[in-house]
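Chemist: Got a structure for you, written out below as structure tokens; questions coming shortly.
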Amino acid sequence: MAVGFFVLVVVGLGVAAYFLADTQAEQRDTLRTRYADRTRIASNLLDSLFLVAEREQSGELTDRLGGDRVTRAQLDAHLREQGARWGVVLDGGGTVLARSGGAPRIDRPALGDQPYVRAALSALGYGLGDVQRGLLTTAVSFPVLTGGDRRVLVLAAPAEQVTQVLAGLLAPLRGVRTSRSYVLDGTGNRIAAFAPDSPLPPQTPTLERALRSANSGSITTTAGEKRFFASQPVAGSRWRLVLTVSEDALYESVNGWNRWGPWMIYGLCALAVAGIAVLLRRLAVTARALGRSNRELERSNADLEQFAYVASHDLSEPLRTVAGFSSLLSKRYAGKLDANADLYISHMAAGVDRMQQLIDDLLAYSRVGRTPLTPEPVDLDALLGEVLQSIDVAVREQGAQVTSEDLPVVLGEPGQLRQVLQNLLANAVKFTRPDDTPVVHVSAARDGGLWRIDVRDNGIGVPEEQREEIFKMFGRLHRTAEYQGTGIGLALVRRIVERHGGRVWVRPASADTGGSVFSFTLPGGAPVADAAPPEKIPA
């Protein structure tokens, strides 16, 4: 009896020790992951801001420099407006077409083969170079007025022009005490930085070496301080966004007594060989550890949501000003000035609309999960009718045919499930080949204890290697010029469905006709009458 009890105690202590170590390791890993997520969100925001700026510049450059011949006078005039030191215009093959005063004598292949020039000629449309002698080189591609070719404008401007803008974007990333934020170019030069708690030292050679081999990890400074770092590349450049933080501050919620206290309790209980007491104590310690972990996760989520709010608030104010004045210009002077003025006004309005849509979608994504889920029975037939009314304009413009079968009653929040259906139906209508009429069919079937809802279309389809990528934040298959959107809609769909206890995926509709079937599962809310034959819902 005593031997059996002793064996039971030893096994119990061994399992408890493993569980405690695993829990603490998971807590530290969660803190690192949450901190590293900040770099991904901030990098995506930088990418989006640069993309919006490229869209606005492309049309203007076509008007100014897209003619049959580009003169030095035209180029010099544009440089004076931009505050740049020198500029060069290249054709699609990298050959120099025009050179401003003061531009260095750099011809192909030295300039045309630069990574940032190749990035500008790619689908991205822009590229960012490294800082050399205080100048930052950038490249933007734009179409030629008389043909399908593209040109690239390479500009060199003082790096200080972007330093303050980038530092302002880094400020909301603070989150954790002793955090530091950097934007580094491909040679390790610091373009912008932010450190709220202390004077900002230069990035160390130790950090630079670590960045060459990993995107995140730990380093030890020359002063003996251990710091965690996380980095993310910036599209169209060799730049990297880097965040570092003292590990003492990062792990503050799980260090000290929070880390060693449970082990001391465990040791005392093991010496006392009080099996039942050890188990009860272990449950209490685990409950407290999980509570601390949940509070830390909530705090981290709140920081990310605050970052989204601050970024959107700071950007919305100037956007509203630009939108108001562009609307006044359009109303008062449309058709009264030359064609270029009307084109500039339309470019301004399009850029404002694109940025506002990006901010609104980012906020909608951050709001999901902020409050407890309060599910109620939702009639998907009625909800589908409301969604079709809200997208009626897009359906009529495309001449789309939308049909459905009898849909079930499910458990969920009506507002969030409306967002799911609206995003999937809007995508099905939008992502269709230009010569095809969109045909969309919504159906439902039992999937174990859940309902599976299928949205089938005859659109452009999703390649197999991209079927997971499209559900990530800013995951897009096409440029904005081909299909409008921010790349957040499907990420929002996944977050809502998973919050309701379901999952979402995509598969091909047919190997012959193409198209896609987006499916998601939801818990049932009430018995559903026998399904009637499919009938068309009037578009």
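Every chain in the structure tokens has a letter given in the order shown (A, B, ...), and although residue numbers restart at 1 in each chain, ligands are simply numbered from 1 in the order shown.
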DSSP on the backbone: what in segment 14-196 of chain A comes out alpha helix (DSSP H), as a PyMOL selection string?

Modeler: chain A and resi 14-65+72-82+115-121+160-170

Chemist: For Asp149 of chain A, which of A:Gly267, A:Gly101, A:Gly501, A:Gly67 is the closest residue, counting only C-alpha atoms?

Modeler: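 Counting only C-alpha atoms, the residue closest to Asp149 of chain A is A:Gly67.
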
Chemist: Can you tell me how far atom CA of Thr403 of chain A sits from atom CA of Asn458 of chain A, in Å to one decimal?

Modeler: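 These atoms are spaced 12.8 Å apart.
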
Chemist: Which residues are close to Gln161 of chain A, i.e. within 10 Å by only C-alpha atoms, leaving aside same-chain residues fewer than 6 positions away? Reply as a list of chain:residue names.

Modeler: A:Gly83, A:Ala84, A:Leu135, A:Leu136

Chemist: Using only C-alpha atoms, find the one residue out of A:Leu421, A:Gly87, A:Trp239, A:Ala400 that sits nearest to Glu386 of chain A.

Modeler: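 That would be A:Leu421, the residue with the smallest distance to Glu386 of chain A.
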
Chemist: Measuring atom to atom with only C-alpha atoms, identify which of A:Gln232, A:Thr244, A:Ser404, A:Thr146 is nearest to Thr220 of chain A.

Modeler: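 Closest residue, counting only C-alpha atoms: A:Thr244.
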
Chemist: Using only C-alpha atoms, which of the listed residues (A:Leu65, A:Leu424, A:Ser443, A:Arg227) sits closest to Phe471 of chain A?

Modeler: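 With only C-alpha atoms as the atom set, the closest residue is A:Leu424.
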
Chemist: If we count only C-alpha atoms and set the cut-off at 10 Å, which residues sit around Val420 of chain A, ignoring sequence neighbours fewer than 3 positions away in its own chain? Please answer as a ChimeraX atom specification.

Modeler: /A:387,414-417,423-425,489-490,492-497,520

Chemist: Generate a file of the selected residues that holds N, CA and C atoms, formatted as an mmCIF file, in the first residue's frame.

Modeler:
data_model
loop_
_atom_site.group_PDB
_atom_site.id
_atom_site.type_symbol
_atom_site.label_atom_id
_atom_site.label_comp_id
_atom_site.auth_asym_id
_atom_site.auth_seq_id
_atom_site.Cartn_x
_atom_site.Cartn_y
_atom_site.Cartn_z
ATOM 1 N N VAL A 387 -28.100 41.006 -46.611
ATOM 2 C CA VAL A 387 -26.792 41.196 -47.253
ATOM 3 C C VAL A 387 -26.968 41.531 -48.728
ATOM 4 N N PRO A 414 -25.559 38.261 -34.926
ATOM 5 C CA PRO A 414 -26.046 38.607 -36.261
ATOM 6 C C PRO A 414 -25.134 39.582 -37.001
ATOM 7 N N GLY A 415 -24.644 40.613 -36.302
ATOM 8 C CA GLY A 415 -23.809 41.606 -36.976
ATOM 9 C C GLY A 415 -22.536 41.006 -37.536
ATOM 10 N N GLN A 416 -21.887 40.132 -36.760
ATOM 11 C CA GLN A 416 -20.635 39.540 -37.237
ATOM 12 C C GLN A 416 -20.889 38.531 -38.350
ATOM 13 N N LEU A 417 -21.962 37.722 -38.240
ATOM 14 C CA LEU A 417 -22.262 36.769 -39.316
ATOM 15 C C LEU A 417 -22.668 37.502 -40.590
ATOM 16 N N ASN A 423 -18.818 39.753 -46.978
ATOM 17 C CA ASN A 423 -17.471 39.683 -47.549
ATOM 18 C C ASN A 423 -17.376 38.574 -48.596
ATOM 19 N N LEU A 424 -17.929 37.385 -48.286
ATOM 20 C CA LEU A 424 -17.821 36.267 -49.222
ATOM 21 C C LEU A 424 -18.631 36.521 -50.493
ATOM 22 N N LEU A 425 -19.844 37.061 -50.367
ATOM 23 C CA LEU A 425 -20.664 37.336 -51.559
ATOM 24 C C LEU A 425 -20.065 38.468 -52.384
ATOM 25 N N GLY A 489 -10.443 41.535 -45.686
ATOM 26 C CA GLY A 489 -11.780 40.949 -45.614
ATOM 27 C C GLY A 489 -11.787 39.486 -45.219
ATOM 28 N N LEU A 490 -10.974 38.648 -45.877
ATOM 29 C CA LEU A 490 -10.981 37.221 -45.565
ATOM 30 C C LEU A 490 -10.344 36.936 -44.208
ATOM 31 N N LEU A 492 -10.751 38.878 -41.674
ATOM 32 C CA LEU A 492 -11.865 39.172 -40.774
ATOM 33 C C LEU A 492 -12.858 38.013 -40.750
ATOM 34 N N VAL A 493 -13.131 37.405 -41.933
ATOM 35 C CA VAL A 493 -14.028 36.249 -41.995
ATOM 36 C C VAL A 493 -13.503 35.113 -41.123
ATOM 37 N N ARG A 494 -12.215 34.799 -41.256
ATOM 38 C CA ARG A 494 -11.642 33.709 -40.460
ATOM 39 C C ARG A 494 -11.735 34.009 -38.966
ATOM 40 N N ARG A 495 -11.442 35.242 -38.569
ATOM 41 C CA ARG A 495 -11.456 35.562 -37.145
ATOM 42 C C ARG A 495 -12.862 35.428 -36.570
ATOM 43 N N ILE A 496 -13.876 35.870 -37.329
ATOM 44 C CA ILE A 496 -15.254 35.782 -36.834
ATOM 45 C C ILE A 496 -15.692 34.320 -36.747
ATOM 46 N N VAL A 497 -15.444 33.526 -37.803
ATOM 47 C CA VAL A 497 -15.884 32.130 -37.826
ATOM 48 C C VAL A 497 -15.207 31.335 -36.705
ATOM 49 N N PHE A 520 -17.635 27.504 -44.614
ATOM 50 C CA PHE A 520 -17.384 27.753 -43.194
ATOM 51 C C PHE A 520 -18.437 27.022 -42.373
#

Chemist: Between A:Leu211, A:Pro372, A:Leu61, A:Ile345, which is the closest to Lys331 of chain A once you count only C-alpha atoms?

Modeler: A:Ile345

Chemist: I'd like to know which of A:Ser346, A:Thr374, A:Thr178, A:Thr33 is closest to Ser330 of chain A, using only C-alpha atoms.

Modeler: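 Ranked by minimum distance to Ser330 of chain A, first place goes to A:Ser346.
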